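Novice: One file is attached below, work23.csv, containing CSV, C-alpha atoms and all ligand atoms.
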```csv
chain,number,residue,atom,x,y,z
A,1298,MET,CA,61.5,123.3,-14.2
A,1299,THR,CA,64.9,121.9,-13.3
A,1300,LEU,CA,65.5,118.9,-10.9
A,1301,ASP,CA,66.9,121.4,-8.4
A,1302,SER,CA,64.0,123.9,-8.4
A,1303,ASN,CA,61.5,121.0,-8.2
A,1304,ARG,CA,63.4,119.6,-5.1
A,1305,LYS,CA,63.4,123.1,-3.4
A,1306,ASP,CA,59.6,123.3,-3.9
A,1307,GLN,CA,59.2,119.8,-2.5
A,1308,HIS,CA,61.2,120.5,0.6
A,1309,VAL,CA,59.0,123.5,1.4
A,1310,VAL,CA,55.8,121.5,0.8
A,1311,LEU,CA,57.0,118.5,2.8
A,1312,ALA,CA,58.5,120.6,5.7
A,1313,GLU,CA,55.1,122.4,6.1
A,1314,LYS,CA,53.1,119.1,5.8
A,1315,GLN,CA,55.3,117.4,8.4
A,1316,TYR,CA,55.4,120.5,10.7
A,1317,GLN,CA,54.1,119.6,14.2
A,1318,PRO,CA,53.1,122.2,16.7
A,1319,THR,CA,53.8,119.7,19.6
A,1320,ASP,CA,57.2,119.5,21.2
A,1321,LEU,CA,59.3,116.7,19.7
A,1322,SER,CA,62.6,118.3,20.9
A,1323,ASP,CA,64.3,117.8,24.2
A,1324,PHE,CA,63.5,121.3,25.4
A,1325,GLY,CA,60.6,119.9,27.3
A,1326,LYS,CA,63.0,117.7,29.2
A,1327,MET,CA,64.9,120.6,30.7
A,1328,ARG,CA,63.6,123.1,33.3
A,1329,PHE,CA,64.8,126.3,34.9
A,1330,VAL,CA,65.0,126.4,38.7
A,1331,HIS,CA,62.8,129.3,39.8
A,1332,HIS,CA,64.5,131.8,42.2
A,1333,SER,CA,62.2,134.4,43.8
A,1334,LEU,CA,64.4,137.5,44.0
A,1335,PRO,CA,65.4,138.6,40.5
A,1336,ASN,CA,67.3,141.7,41.7
A,1337,LEU,CA,67.2,143.6,38.3
A,1338,LYS,CA,65.2,146.3,36.5
A,1339,VAL,CA,63.5,145.1,33.3
A,1340,ALA,CA,64.7,148.3,31.6
A,1341,ASP,CA,68.3,147.0,32.1
A,1342,ILE,CA,67.7,143.8,30.2
A,1343,SER,CA,69.4,143.6,26.8
A,1344,LEU,CA,68.6,141.1,24.1
A,1345,GLN,CA,71.7,142.2,22.1
A,1346,THR,CA,74.2,139.5,21.0
A,1347,GLU,CA,76.8,138.7,18.4
A,1348,MET,CA,77.3,135.9,15.9
A,1349,ALA,CA,79.8,135.5,13.1
A,1350,GLY,CA,81.0,139.1,13.4
A,1351,MET,CA,77.4,140.5,13.2
A,1352,SER,CA,75.8,142.5,16.0
A,1353,LEU,CA,72.2,141.3,16.6
A,1354,ALA,CA,69.5,143.3,18.4
A,1355,ALA,CA,67.7,140.0,19.3
A,1356,PRO,CA,69.2,136.6,19.9
A,1357,PHE,CA,67.2,134.7,17.2
A,1358,TYR,CA,67.3,134.6,13.4
A,1359,ILE,CA,65.6,133.2,10.3
A,1360,ASN,CA,67.7,130.1,9.5
A,1361,GLY,CA,68.7,128.7,6.1
A,1362,MET,CA,65.8,127.4,4.0
A,1363,THR,CA,65.2,128.1,0.5
A,1364,GLY,CA,65.6,129.7,-3.0
A,1365,GLY,CA,66.0,128.2,-6.5
A,1366,SER,CA,62.5,128.4,-7.9
A,1367,GLU,CA,59.7,130.9,-8.5
A,1368,ARG,CA,57.7,129.8,-5.5
A,1369,THR,CA,60.8,129.9,-3.2
A,1370,LYS,CA,61.7,133.4,-4.5
A,1371,GLN,CA,58.4,134.6,-3.1
A,1372,ILE,CA,59.0,132.9,0.2
A,1373,ASN,CA,62.5,134.4,0.4
A,1374,ALA,CA,61.1,137.9,-0.4
A,1375,ASP,CA,58.4,137.5,2.3
A,1376,LEU,CA,61.0,136.2,4.9
A,1377,ALA,CA,63.3,139.1,4.0
A,1378,MET,CA,60.4,141.5,4.6
A,1379,VAL,CA,59.9,139.9,8.1
A,1380,ALA,CA,63.6,140.3,8.7
A,1381,LYS,CA,63.5,144.0,7.6
A,1382,MET,CA,60.5,144.8,9.7
A,1383,THR,CA,61.9,143.2,12.8
A,1384,GLY,CA,65.7,143.6,12.4
A,1385,LEU,CA,66.3,139.9,12.5
A,1386,ALA,CA,69.2,138.3,10.6
A,1387,MET,CA,68.3,135.9,7.9
A,1388,ALA,CA,70.0,133.1,5.9
A,1389,SER,CA,69.1,131.9,2.4
A,1390,GLY,CA,68.8,128.2,1.6
A,1391,SER,CA,71.6,126.5,-0.4
A,1392,VAL,CA,72.7,128.7,-3.2
A,1393,SER,CA,73.8,125.6,-5.2
A,1394,ALA,CA,70.9,125.9,-7.6
A,1395,ALA,CA,72.0,129.4,-8.7
A,1396,LEU,CA,75.6,128.3,-9.1
A,1397,LYS,CA,74.4,125.6,-11.6
A,1398,ASP,CA,71.7,127.7,-13.2
A,1399,PRO,CA,72.3,131.5,-13.0
A,1400,SER,CA,68.7,132.2,-14.2
A,1401,VAL,CA,67.5,131.4,-10.7
A,1402,SER,CA,70.0,133.7,-8.9
A,1403,ASP,CA,67.2,136.3,-8.4
A,1404,SER,CA,65.4,133.8,-6.0
A,1405,PHE,CA,68.3,134.4,-3.7
A,1406,SER,CA,69.4,138.0,-4.5
A,1407,VAL,CA,65.8,139.1,-3.8
A,1408,ILE,CA,66.7,138.8,-0.1
A,1409,ARG,CA,69.2,141.6,-0.4
A,1410,LYS,CA,66.9,143.6,-2.7
A,1411,VAL,CA,64.1,143.6,-0.2
A,1412,ASN,CA,66.4,144.2,2.8
A,1413,PRO,CA,69.4,146.3,1.6
A,1414,ASN,CA,70.8,147.0,5.0
A,1415,GLY,CA,69.9,143.7,6.7
A,1416,ARG,CA,72.2,141.1,8.1
A,1417,ILE,CA,72.2,138.3,5.6
A,1418,MET,CA,73.9,134.9,5.3
A,1419,ALA,CA,74.4,132.9,2.2
A,1420,ASN,CA,74.4,129.1,2.3
A,1421,ILE,CA,76.2,126.3,0.5
A,1422,GLY,CA,77.1,122.6,0.9
A,1423,ALA,CA,80.5,121.5,2.1
A,1424,HIS,CA,81.5,119.9,-1.2
A,1425,HIS,CA,81.7,123.3,-2.9
A,1426,SER,CA,84.9,125.0,-4.0
A,1427,LEU,CA,86.2,128.2,-2.6
A,1428,ASP,CA,85.3,129.9,-5.9
A,1429,ASN,CA,81.7,128.7,-5.6
A,1430,ALA,CA,81.6,129.9,-2.0
A,1431,LYS,CA,82.7,133.4,-3.1
A,1432,ARG,CA,80.0,133.4,-5.8
A,1433,ALA,CA,77.3,132.5,-3.3
A,1434,VAL,CA,78.4,135.3,-1.0
A,1435,ALA,CA,78.5,137.7,-4.0
A,1436,ILE,CA,74.9,136.8,-5.1
A,1437,LEU,CA,73.5,137.8,-1.7
A,1438,GLU,CA,76.1,140.5,-0.9
A,1439,ALA,CA,76.2,138.4,2.2
A,1440,ASP,CA,77.6,139.4,5.6
A,1441,ALA,CA,78.5,135.7,6.5
A,1442,LEU,CA,78.4,132.3,4.9
A,1443,GLN,CA,76.7,129.2,6.2
A,1444,ILE,CA,78.2,125.9,5.1
A,1445,HIS,CA,75.8,123.0,5.7
A,1446,ILE,CA,76.9,119.4,6.6
A,1447,ASN,CA,74.1,117.0,5.9
A,1448,ALA,CA,75.4,113.5,5.3
A,1449,PRO,CA,72.2,111.6,6.4
A,1450,GLN,CA,70.1,113.8,4.1
A,1451,GLU,CA,72.5,113.2,1.1
A,1452,MET,CA,72.4,109.4,1.7
A,1453,ILE,CA,68.7,109.1,1.9
A,1454,MET,CA,68.3,111.4,-1.1
A,1455,PRO,CA,68.6,109.1,-4.2
A,1456,GLU,CA,70.4,111.9,-6.1
A,1457,GLY,CA,72.5,112.9,-3.1
A,1458,ASP,CA,76.3,113.1,-2.7
A,1459,ARG,CA,78.1,109.8,-2.2
A,1460,ASP,CA,81.7,111.2,-1.6
A,1461,PHE,CA,82.3,112.9,1.6
A,1462,THR,CA,86.1,112.8,1.6
A,1463,MET,CA,86.6,116.4,0.7
A,1464,TRP,CA,84.2,118.1,3.1
A,1465,LEU,CA,86.6,119.0,6.0
A,1466,ARG,CA,89.3,120.2,3.6
A,1467,GLN,CA,86.8,122.3,1.7
A,1468,ILE,CA,85.5,123.8,4.9
A,1469,GLU,CA,89.0,124.6,6.0
A,1470,GLU,CA,89.8,126.3,2.7
A,1471,ILE,CA,86.6,128.3,2.4
A,1472,THR,CA,86.8,129.4,6.1
A,1473,ALA,CA,90.3,130.7,5.6
A,1474,HIS,CA,89.8,132.5,2.3
A,1475,VAL,CA,86.1,133.3,1.6
A,1476,GLY,CA,86.5,136.8,3.1
A,1477,VAL,CA,83.4,136.8,5.3
A,1478,PRO,CA,82.8,134.9,8.6
A,1479,VAL,CA,81.8,131.2,8.1
A,1480,ILE,CA,79.2,129.3,10.1
A,1481,VAL,CA,79.2,125.6,9.8
A,1482,LYS,CA,75.8,124.1,10.4
A,1483,GLU,CA,74.0,120.7,10.5
A,1484,VAL,CA,70.5,120.5,9.1
A,1485,GLY,CA,68.7,118.9,12.0
A,1486,PHE,CA,70.8,115.8,12.9
A,1487,GLY,CA,72.8,117.6,15.6
A,1488,MET,CA,76.6,117.4,16.4
A,1489,SER,CA,78.9,115.5,18.6
A,1490,ARG,CA,81.8,117.0,20.5
A,1491,GLU,CA,84.2,115.1,18.1
A,1492,THR,CA,82.6,116.8,15.1
A,1493,ILE,CA,82.9,120.1,16.8
A,1494,GLY,CA,86.5,119.5,17.7
A,1495,GLN,CA,87.3,118.6,14.0
A,1496,LEU,CA,85.7,121.8,12.9
A,1497,ILE,CA,87.5,124.0,15.4
A,1498,ALA,CA,90.8,122.3,14.5
A,1499,VAL,CA,90.5,123.5,10.8
A,1500,GLY,CA,89.7,127.0,11.9
A,1501,VAL,CA,85.9,127.2,12.1
A,1502,ARG,CA,84.9,129.7,14.8
A,1503,THR,CA,81.0,129.7,14.5
A,1504,ILE,CA,79.0,126.5,14.7
A,1505,ASP,CA,75.3,125.9,14.5
A,1506,VAL,CA,74.7,122.4,16.0
A,1507,SER,CA,71.2,122.2,14.4
A,1508,GLY,CA,69.8,119.2,16.2
A,1509,LYS,CA,67.0,116.8,16.0
A,1510,GLY,CA,63.5,117.7,17.2
A,1511,GLY,CA,62.1,120.0,14.5
A,1512,THR,CA,62.3,119.7,10.7
A,1513,ASN,CA,63.4,116.1,10.0
A,1514,PHE,CA,65.3,115.8,6.7
A,1515,ALA,CA,65.3,112.0,7.0
A,1516,ALA,CA,61.5,112.0,6.9
A,1517,ILE,CA,61.4,114.7,4.2
A,1518,GLU,CA,63.8,112.7,1.9
A,1519,ASN,CA,62.0,109.5,2.7
A,1520,ALA,CA,58.7,111.1,1.4
A,1521,ARG,CA,60.5,112.1,-1.8
A,1522,ARG,CA,61.9,108.6,-2.4
A,1523,THR,CA,60.3,106.3,-5.0
A,1524,ALA,CA,62.7,103.5,-3.9
A,1525,ILE,CA,61.9,101.8,-0.6
A,1526,ALA,CA,61.9,104.3,2.3
A,1527,TYR,CA,64.4,104.3,5.2
A,1528,ASP,CA,61.7,104.6,7.8
A,1529,ASP,CA,64.1,103.2,10.5
A,1530,LEU,CA,66.4,106.2,10.0
A,1531,GLU,CA,63.9,108.9,10.9
A,1532,ASN,CA,65.1,109.1,14.5
A,1533,TRP,CA,68.8,109.5,13.6
A,1534,GLY,CA,70.9,112.1,15.3
A,1535,GLN,CA,71.3,114.1,18.5
A,1536,SER,CA,68.7,116.6,19.8
A,1537,THR,CA,69.6,120.3,20.0
A,1538,VAL,CA,69.8,120.1,23.8
A,1539,ILE,CA,72.2,117.1,23.7
A,1540,SER,CA,74.3,118.8,20.9
A,1541,LEU,CA,74.7,121.9,23.0
A,1542,LEU,CA,75.8,119.8,26.0
A,1543,GLU,CA,78.3,118.0,23.6
A,1544,ALA,CA,79.6,121.4,22.6
A,1545,ASP,CA,80.2,122.5,26.2
A,1546,VAL,CA,83.8,121.1,26.4
A,1547,HIS,CA,84.7,123.4,23.6
A,1548,ARG,CA,83.2,126.6,25.1
A,1549,GLY,CA,85.5,129.5,24.6
A,1550,LYS,CA,87.1,128.0,21.5
A,1551,ALA,CA,84.2,128.8,19.1
A,1552,GLU,CA,80.8,130.4,19.3
A,1553,PHE,CA,77.9,128.1,19.3
A,1554,LEU,CA,74.5,128.7,17.7
A,1555,ALA,CA,71.4,126.5,18.3
A,1556,SER,CA,68.7,125.4,15.9
A,1557,GLY,CA,66.5,122.4,15.4
A,1558,GLY,CA,63.0,122.2,16.9
A,1559,ILE,CA,62.9,125.8,18.3
A,1560,LYS,CA,59.2,126.7,18.5
A,1561,SER,CA,58.8,129.3,21.3
A,1562,PRO,CA,60.5,132.2,23.2
A,1563,LEU,CA,61.0,129.7,26.1
A,1564,ASP,CA,62.9,127.3,23.8
A,1565,ILE,CA,65.1,130.2,22.7
A,1566,VAL,CA,66.0,131.1,26.3
A,1567,LYS,CA,66.7,127.5,27.1
A,1568,ALA,CA,69.1,127.2,24.1
A,1569,LEU,CA,70.8,130.4,25.2
A,1570,SER,CA,71.1,129.1,28.8
A,1571,LEU,CA,73.0,126.0,27.3
A,1572,GLY,CA,75.6,128.4,25.9
A,1573,ALA,CA,74.2,129.3,22.4
A,1574,LYS,CA,74.9,132.9,21.4
A,1575,ALA,CA,71.9,133.0,19.1
A,1576,VAL,CA,69.2,130.7,18.0
A,1577,GLY,CA,68.0,129.9,14.4
A,1578,LEU,CA,64.4,128.9,13.4
A,1579,SER,CA,63.5,127.4,10.1
A,1580,GLY,CA,60.4,125.2,10.2
A,1581,GLN,CA,58.6,127.5,12.7
A,1582,PHE,CA,59.2,130.6,10.5
A,1583,LEU,CA,58.1,128.8,7.4
A,1584,HIS,CA,54.9,127.7,9.2
A,1585,MET,CA,54.1,131.2,10.5
A,1586,LEU,CA,54.8,132.8,7.1
A,1587,LEU,CA,52.6,130.3,5.2
A,1588,SER,CA,49.8,130.4,7.8
A,1589,ASP,CA,49.8,134.1,8.7
A,1590,GLY,CA,51.8,136.1,6.0
A,1591,PRO,CA,54.7,138.5,6.6
A,1592,GLU,CA,53.0,141.3,8.6
A,1593,LYS,CA,51.5,139.0,11.2
A,1594,THR,CA,54.7,137.0,11.4
A,1595,ALA,CA,56.6,140.3,12.1
A,1596,GLU,CA,54.1,141.0,14.9
A,1597,THR,CA,54.7,137.6,16.4
A,1598,VAL,CA,58.5,138.3,16.3
A,1599,GLU,CA,58.0,141.5,18.2
A,1600,ALA,CA,55.9,139.6,20.8
A,1601,TRP,CA,58.6,137.0,21.1
A,1602,LYS,CA,61.2,139.6,21.9
A,1603,GLU,CA,59.0,140.8,24.8
A,1604,GLN,CA,58.5,137.2,26.0
A,1605,ILE,CA,62.2,136.5,25.9
A,1606,THR,CA,62.7,139.7,28.1
A,1607,THR,CA,60.0,138.4,30.4
A,1608,VAL,CA,61.7,135.0,30.9
A,1609,MET,CA,65.1,136.7,31.4
A,1610,ALA,CA,63.5,138.9,34.1
A,1611,MET,CA,62.1,135.9,35.8
A,1612,LEU,CA,65.6,134.3,35.7
A,1613,GLY,CA,67.3,137.4,37.0
A,1614,LYS,CA,69.5,137.7,33.9
A,1615,VAL,CA,70.2,141.0,32.2
A,1616,SER,CA,72.1,139.7,29.2
A,1617,VAL,CA,72.4,136.8,26.8
A,1618,ALA,CA,75.9,136.1,28.2
A,1619,ASP,CA,74.5,136.0,31.8
A,1620,LEU,CA,72.0,133.3,30.6
A,1621,ALA,CA,74.8,130.9,30.1
A,1622,ARG,CA,75.1,130.7,33.9
A,1623,THR,CA,71.6,129.5,34.8
A,1624,ASP,CA,70.4,126.7,37.1
A,1625,LEU,CA,69.0,123.9,34.9
A,1626,ILE,CA,67.4,120.6,35.6
A,1627,PHE,CA,67.4,117.7,33.1
A,1628,GLN,CA,65.3,114.6,32.8
A,1629,ARG,CA,67.0,111.2,33.3
A,1630,ASP,CA,67.5,110.2,29.7
A,1631,ILE,CA,69.5,113.4,29.0
A,1632,LEU,CA,71.7,112.7,32.1
A,1633,ASP,CA,72.2,109.1,30.9
A,1634,TRP,CA,73.5,110.4,27.6
A,1635,CYS,CA,75.9,112.8,29.5
A,1636,ASP,CA,77.0,109.9,31.8
A,1637,MET,CA,77.8,107.6,28.9
A,1638,ARG,CA,79.6,110.3,27.0
A,1639,GLY,CA,81.6,111.6,30.0
A,1640,ILE,CA,80.0,115.1,29.9
A,1641,ASP,CA,80.0,116.8,33.4
B,1,LIG,C1,66.0,123.7,5.5
B,1,LIG,N1,67.3,123.6,6.1
B,1,LIG,C2,68.4,123.9,5.3
B,1,LIG,N2,69.6,124.1,5.8
B,1,LIG,C3,70.7,124.5,5.1
B,1,LIG,O1,71.8,124.6,5.6
B,1,LIG,N3,70.5,124.6,3.7
B,1,LIG,C4,69.3,124.5,3.1
B,1,LIG,O2,69.2,124.7,1.9
B,1,LIG,C5,68.2,124.1,3.9
B,1,LIG,N4,66.9,123.9,3.3
B,1,LIG,C6,65.8,123.8,4.1
B,1,LIG,C7,64.6,123.9,3.6
B,1,LIG,C8,63.4,123.9,4.4
B,1,LIG,C9,62.1,124.0,3.8
B,1,LIG,C10,63.6,123.8,5.8
B,1,LIG,C11,62.4,123.8,6.8
B,1,LIG,C12,64.9,123.7,6.4
B,1,LIG,C13,67.6,123.2,7.5
B,1,LIG,C14,67.4,124.3,8.5
B,1,LIG,O3,68.3,125.3,8.3
B,1,LIG,C15,67.6,123.7,9.9
B,1,LIG,O4,68.9,123.3,10.1
B,1,LIG,C16,66.6,122.6,10.2
B,1,LIG,O5,65.4,122.8,9.5
B,1,LIG,C17,66.3,122.4,11.7
B,1,LIG,O6,65.7,123.6,12.2
B,1,LIG,P1,64.1,123.7,12.4
B,1,LIG,O7,63.4,123.7,11.0
B,1,LIG,O8,63.7,122.6,13.3
B,1,LIG,O9,63.9,125.1,13.0
```
I'd like the structure from this file rewritten - as structure tokens, please.
Specialist:
Amino acid sequence: MTLDSNRKDQHVVLAEKQYQPTDLSDFGKMRFVHHSLPNLKVADISLQTEMAGMSLAAPFYINGMTGGSERTKQINADLAMVAKMTGLAMASGSVSAALKDPSVSDSFSVIRKVNPNGRIMANIGAHHSLDNAKRAVAILEADALQIHINAPQEMIMPEGDRDFTMWLRQIEEITAHVGVPVIVKEVGFGMSRETIGQLIAVGVRTIDVSGKGGTNFAAIENARRTAIAYDDLENWGQSTVISLLEADVHRGKAEFLASGGIKSPLDIVKALSLGAKAVGLSGQFLHMLLSDGPEKTAETVEAWKEQITTVMAMLGKVSVADLARTDLIFQRDILDWCDMRGID
């Protein structure tokens, strides 16, 4: 087993071990204002949305997680089966492992094999060359490419990258020339409006803010460390709610996706109401798959689609775009962040 495939297995084991059903995100700190006259027909409600040039029948997707080992090949096959049964889009985890060792390529390409007509995203880190980005897309015959930016994870990981000087330039080059739409994503540390502005300035048009509140890669890498742990860094970053509020000044210049701590249909609707066009879930899907298997997980996805429709009916909104104009109430600490950062 290579170092890479061992690490991929450890990430899955630790993400599941650290999974918490309770709400650690800021979604519990925001509420909808209830209005009593919805003035719509449920039959007119559409869950349809777009992201990165793909048309989606439902506004949530299976976000980037894994691949690179035998165990994670099975997980990708099972997740791809869920995606096929439900029509959800799906991203692979970082394809780096297959770029270094082509013998593990099938742990990624299995996603396309199981779901030949699905909407599939490949995933790589921002240090990769354009050539590697093209290879990652080719392995999955991907419709779009996720580029992850994960500096805190790299720093806490003993074997992680230590040179971040090329990231923005590589993102610019890949976005311009890879030939499929690019999504730049965090991995659960969230984004600031400055980061988002930098990404937009180099041509990025789809951004997943992936905030704090769900899977915690500071905690996961701490658990893998044999050197002294960085326990004090486990609260690093911005929540998904705050990251979407940070993104708001850039609305219209890029499309925003939300992920990080999404655990329920209500969380999905809250993220959409903060301007996200679609919502990614990783830890929650991993947990459902490992606990319930693919068939039951697909049933849960169908139930979630109905529950999203229910919440939209209660809010009087017939489309995902309409949800971005919803009356919201935030707890004081969120408003303090906005005050200090000059967010209206
Ligand atoms: C991840 N995530 C991730 N992201 C990425 O861009 N490339 C990757 O290879 C991985 N690997 C990975 C493995 C596992 C087991 C998990 C659970 C997650 C991060 C993921 O896409 C997401 O940004 C965060 O997990 C936050 O979302 P959740 O998990 O709170 O829904």
Novice: Could you write out as lines of an AutoDock Vina configuration file the box around range 1344-1361 of chain A (axis-aligned, all atoms listed in the file, 5 Å on each side), with centre and edge lengths in Å to one decimal?
Specialist:
```
center_x = 73.3
center_y = 136.0
center_z = 15.1
size_x = 25.4
size_y = 24.6
size_z = 28.0
```
Novice: Which residues are near ligand LIG 1 (chain B) - at most 8 Å, using only C-alpha atoms and all ligand atoms? Format: as a compact mmCIF listing (two decimals) with C-alpha atoms, keeping the file's coordinate frame.
Specialist:
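Done, and the output landed in part-v2.txt:
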```
# COMPACT_ATOMS: atom_id res chain seq x y z
CA LYS A 1305 63.40 123.10 -3.40
CA HIS A 1308 61.20 120.50 0.60
CA VAL A 1309 59.00 123.50 1.40
CA VAL A 1310 55.80 121.50 0.80
CA LEU A 1311 57.00 118.50 2.80
CA ALA A 1312 58.50 120.60 5.70
CA GLU A 1313 55.10 122.40 6.10
CA ASN A 1360 67.70 130.10 9.50
CA GLY A 1361 68.70 128.70 6.10
CA MET A 1362 65.80 127.40 4.00
CA THR A 1363 65.20 128.10 0.50
CA GLY A 1364 65.60 129.70 -3.00
CA SER A 1389 69.10 131.90 2.40
CA GLY A 1390 68.80 128.20 1.60
CA SER A 1391 71.60 126.50 -0.40
CA VAL A 1392 72.70 128.70 -3.20
CA ASN A 1420 74.40 129.10 2.30
CA ILE A 1421 76.20 126.30 0.50
CA GLY A 1422 77.10 122.60 0.90
CA GLN A 1443 76.70 129.20 6.20
CA ILE A 1444 78.20 125.90 5.10
CA HIS A 1445 75.80 123.00 5.70
CA ILE A 1446 76.90 119.40 6.60
CA ASN A 1447 74.10 117.00 5.90
CA LYS A 1482 75.80 124.10 10.40
CA GLU A 1483 74.00 120.70 10.50
CA VAL A 1484 70.50 120.50 9.10
CA GLY A 1485 68.70 118.90 12.00
CA SER A 1507 71.20 122.20 14.40
CA GLY A 1508 69.80 119.20 16.20
CA LYS A 1509 67.00 116.80 16.00
CA GLY A 1510 63.50 117.70 17.20
CA GLY A 1511 62.10 120.00 14.50
CA THR A 1512 62.30 119.70 10.70
CA ASN A 1513 63.40 116.10 10.00
CA PHE A 1514 65.30 115.80 6.70
CA SER A 1556 68.70 125.40 15.90
CA GLY A 1557 66.50 122.40 15.40
CA GLY A 1558 63.00 122.20 16.90
CA ILE A 1559 62.90 125.80 18.30
CA LYS A 1560 59.20 126.70 18.50
CA GLY A 1577 68.00 129.90 14.40
CA LEU A 1578 64.40 128.90 13.40
CA SER A 1579 63.50 127.40 10.10
CA GLY A 1580 60.40 125.20 10.20
CA GLN A 1581 58.60 127.50 12.70
CA PHE A 1582 59.20 130.60 10.50
CA LEU A 1583 58.10 128.80 7.40
```
Novice: Using all atoms listed in the file, pick whichever of A:Glu1543, A:Pro1356, A:Arg1409, A:Asp1403 has the shortest atom-to-atom distance to Ser1343 in chain A.
Specialist: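 Of A:Glu1543, A:Pro1356, A:Arg1409, A:Asp1403, the one nearest Ser1343 in chain A is A:Pro1356, counting all atoms listed in the file.
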Novice: Just the residues within 10 Å of Ala1610 in chain A, please, counting all atoms listed in the file, with nothing from its chain fewer than 2 positions along; format it as a VMD selection string.
Specialist: chain A and resid 1335 to 1342 1604 to 1608 1612 to 1616
Novice: Find, counting only C-alpha atoms, the residue in A:Met1351, A:Leu1344, A:Ile1453, A:Ile1565 that gets nearest to Ala1524 in chain A.
Specialist: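 Closest to Ala1524 in chain A of all the choices is A:Ile1453.
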Novice: Give me, as a PyMOL selection string, all polymer residues having an atom no more than 12 Å from His1547 in chain A, counting all atoms listed in the file and skipping those fewer than 6 positions away in the same chain.
Specialist: chain A and resi 1489-1498+1502-1504+1540-1541+1553+1572+1640
Novice: Between A:Thr1346, A:Thr1299, A:Gln1317, A:Asn1412, single out the one closest to Ala1377 in chain A, counting only C-alpha atoms.
Specialist: A:Asn1412
Novice: Distance CA of Asp1301 in chain A-CA of Ala1388 in chain A, one decimal place?
Specialist: 18.7 Å
Novice: So which one's closest to Ala1516 in chain A, A:Met1454, A:Ala1439, A:Leu1542, A:Val1411? Using all atoms listed in the file, please.
Specialist: A:Met1454
Novice: Closest to Ser1561 in chain A among A:Cys1635, A:Leu1587, A:Val1598, A:Ala1575, using only C-alpha atoms?
Specialist: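 Result for the nearest residue to Ser1561 in chain A: A:Val1598.
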Novice: Check the smallest atom-to-atom distance from each of A:Asp1398, A:Ile1417, A:Leu1427, A:Met1611 to Leu1334 in chain A using all atoms listed in the file, then report the winner.
Specialist: A:Met1611
Novice: One number please: CA of Arg1629 in chain A to CA of Asp1323 in chain A, in Å, one decimal.
Specialist: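 These atoms are spaced 11.6 Å apart.
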Novice: With all atoms listed in the file as the counted atoms, please give the residues lying no more than 10 Å from Asp1624 in chain A, apart from itself and same-chain residues fewer than 3 positions off, as a count of residues only.
Specialist: 9
Novice: How far is it from CA of Leu1571 in chain A to CA of Ala1386 in chain A, in Å with one decimal?
Specialist: 21.1 Å
Novice: So that I can check the surroundings of Ile1471 in chain A, please list as a list of chain:residue names every protein, DNA and RNA residue that reaches within 10 Å of it, counting only C-alpha atoms and ignoring chain neighbours fewer than 3 positions away.
Specialist: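 Contacts, in chain order: A:Ala1423, A:His1425, A:Ser1426, A:Leu1427, A:Asp1428, A:Asn1429, A:Ala1430, A:Lys1431, A:Leu1442, A:Ile1444, A:Leu1465, A:Arg1466, A:Gln1467, A:Ile1468, A:His1474, A:Val1475, A:Gly1476, A:Val1477, A:Pro1478, A:Val1479, A:Val1501.
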Novice: In the coordinate frame of the file, compute which residues have an atom within 12 Å of (58.1, 147.9, 15.6) when using all atoms listed in the file, and state them as a PDB file with C-alpha atoms, in the frame of the given file.
Specialist:
```pdb
ATOM      1  CA  VAL A1379      59.900 139.900   8.100  1.00  0.00           C
ATOM      2  CA  ALA A1380      63.600 140.300   8.700  1.00  0.00           C
ATOM      3  CA  LYS A1381      63.500 144.000   7.600  1.00  0.00           C
ATOM      4  CA  MET A1382      60.500 144.800   9.700  1.00  0.00           C
ATOM      5  CA  THR A1383      61.900 143.200  12.800  1.00  0.00           C
ATOM      6  CA  GLY A1384      65.700 143.600  12.400  1.00  0.00           C
ATOM      7  CA  LEU A1385      66.300 139.900  12.500  1.00  0.00           C
ATOM      8  CA  GLU A1592      53.000 141.300   8.600  1.00  0.00           C
ATOM      9  CA  LYS A1593      51.500 139.000  11.200  1.00  0.00           C
ATOM     10  CA  ALA A1595      56.600 140.300  12.100  1.00  0.00           C
ATOM     11  CA  GLU A1596      54.100 141.000  14.900  1.00  0.00           C
ATOM     12  CA  THR A1597      54.700 137.600  16.400  1.00  0.00           C
ATOM     13  CA  VAL A1598      58.500 138.300  16.300  1.00  0.00           C
ATOM     14  CA  GLU A1599      58.000 141.500  18.200  1.00  0.00           C
ATOM     15  CA  ALA A1600      55.900 139.600  20.800  1.00  0.00           C
ATOM     16  CA  LYS A1602      61.200 139.600  21.900  1.00  0.00           C
ATOM     17  CA  GLU A1603      59.000 140.800  24.800  1.00  0.00           C
TER      18      GLU A1603
END
```
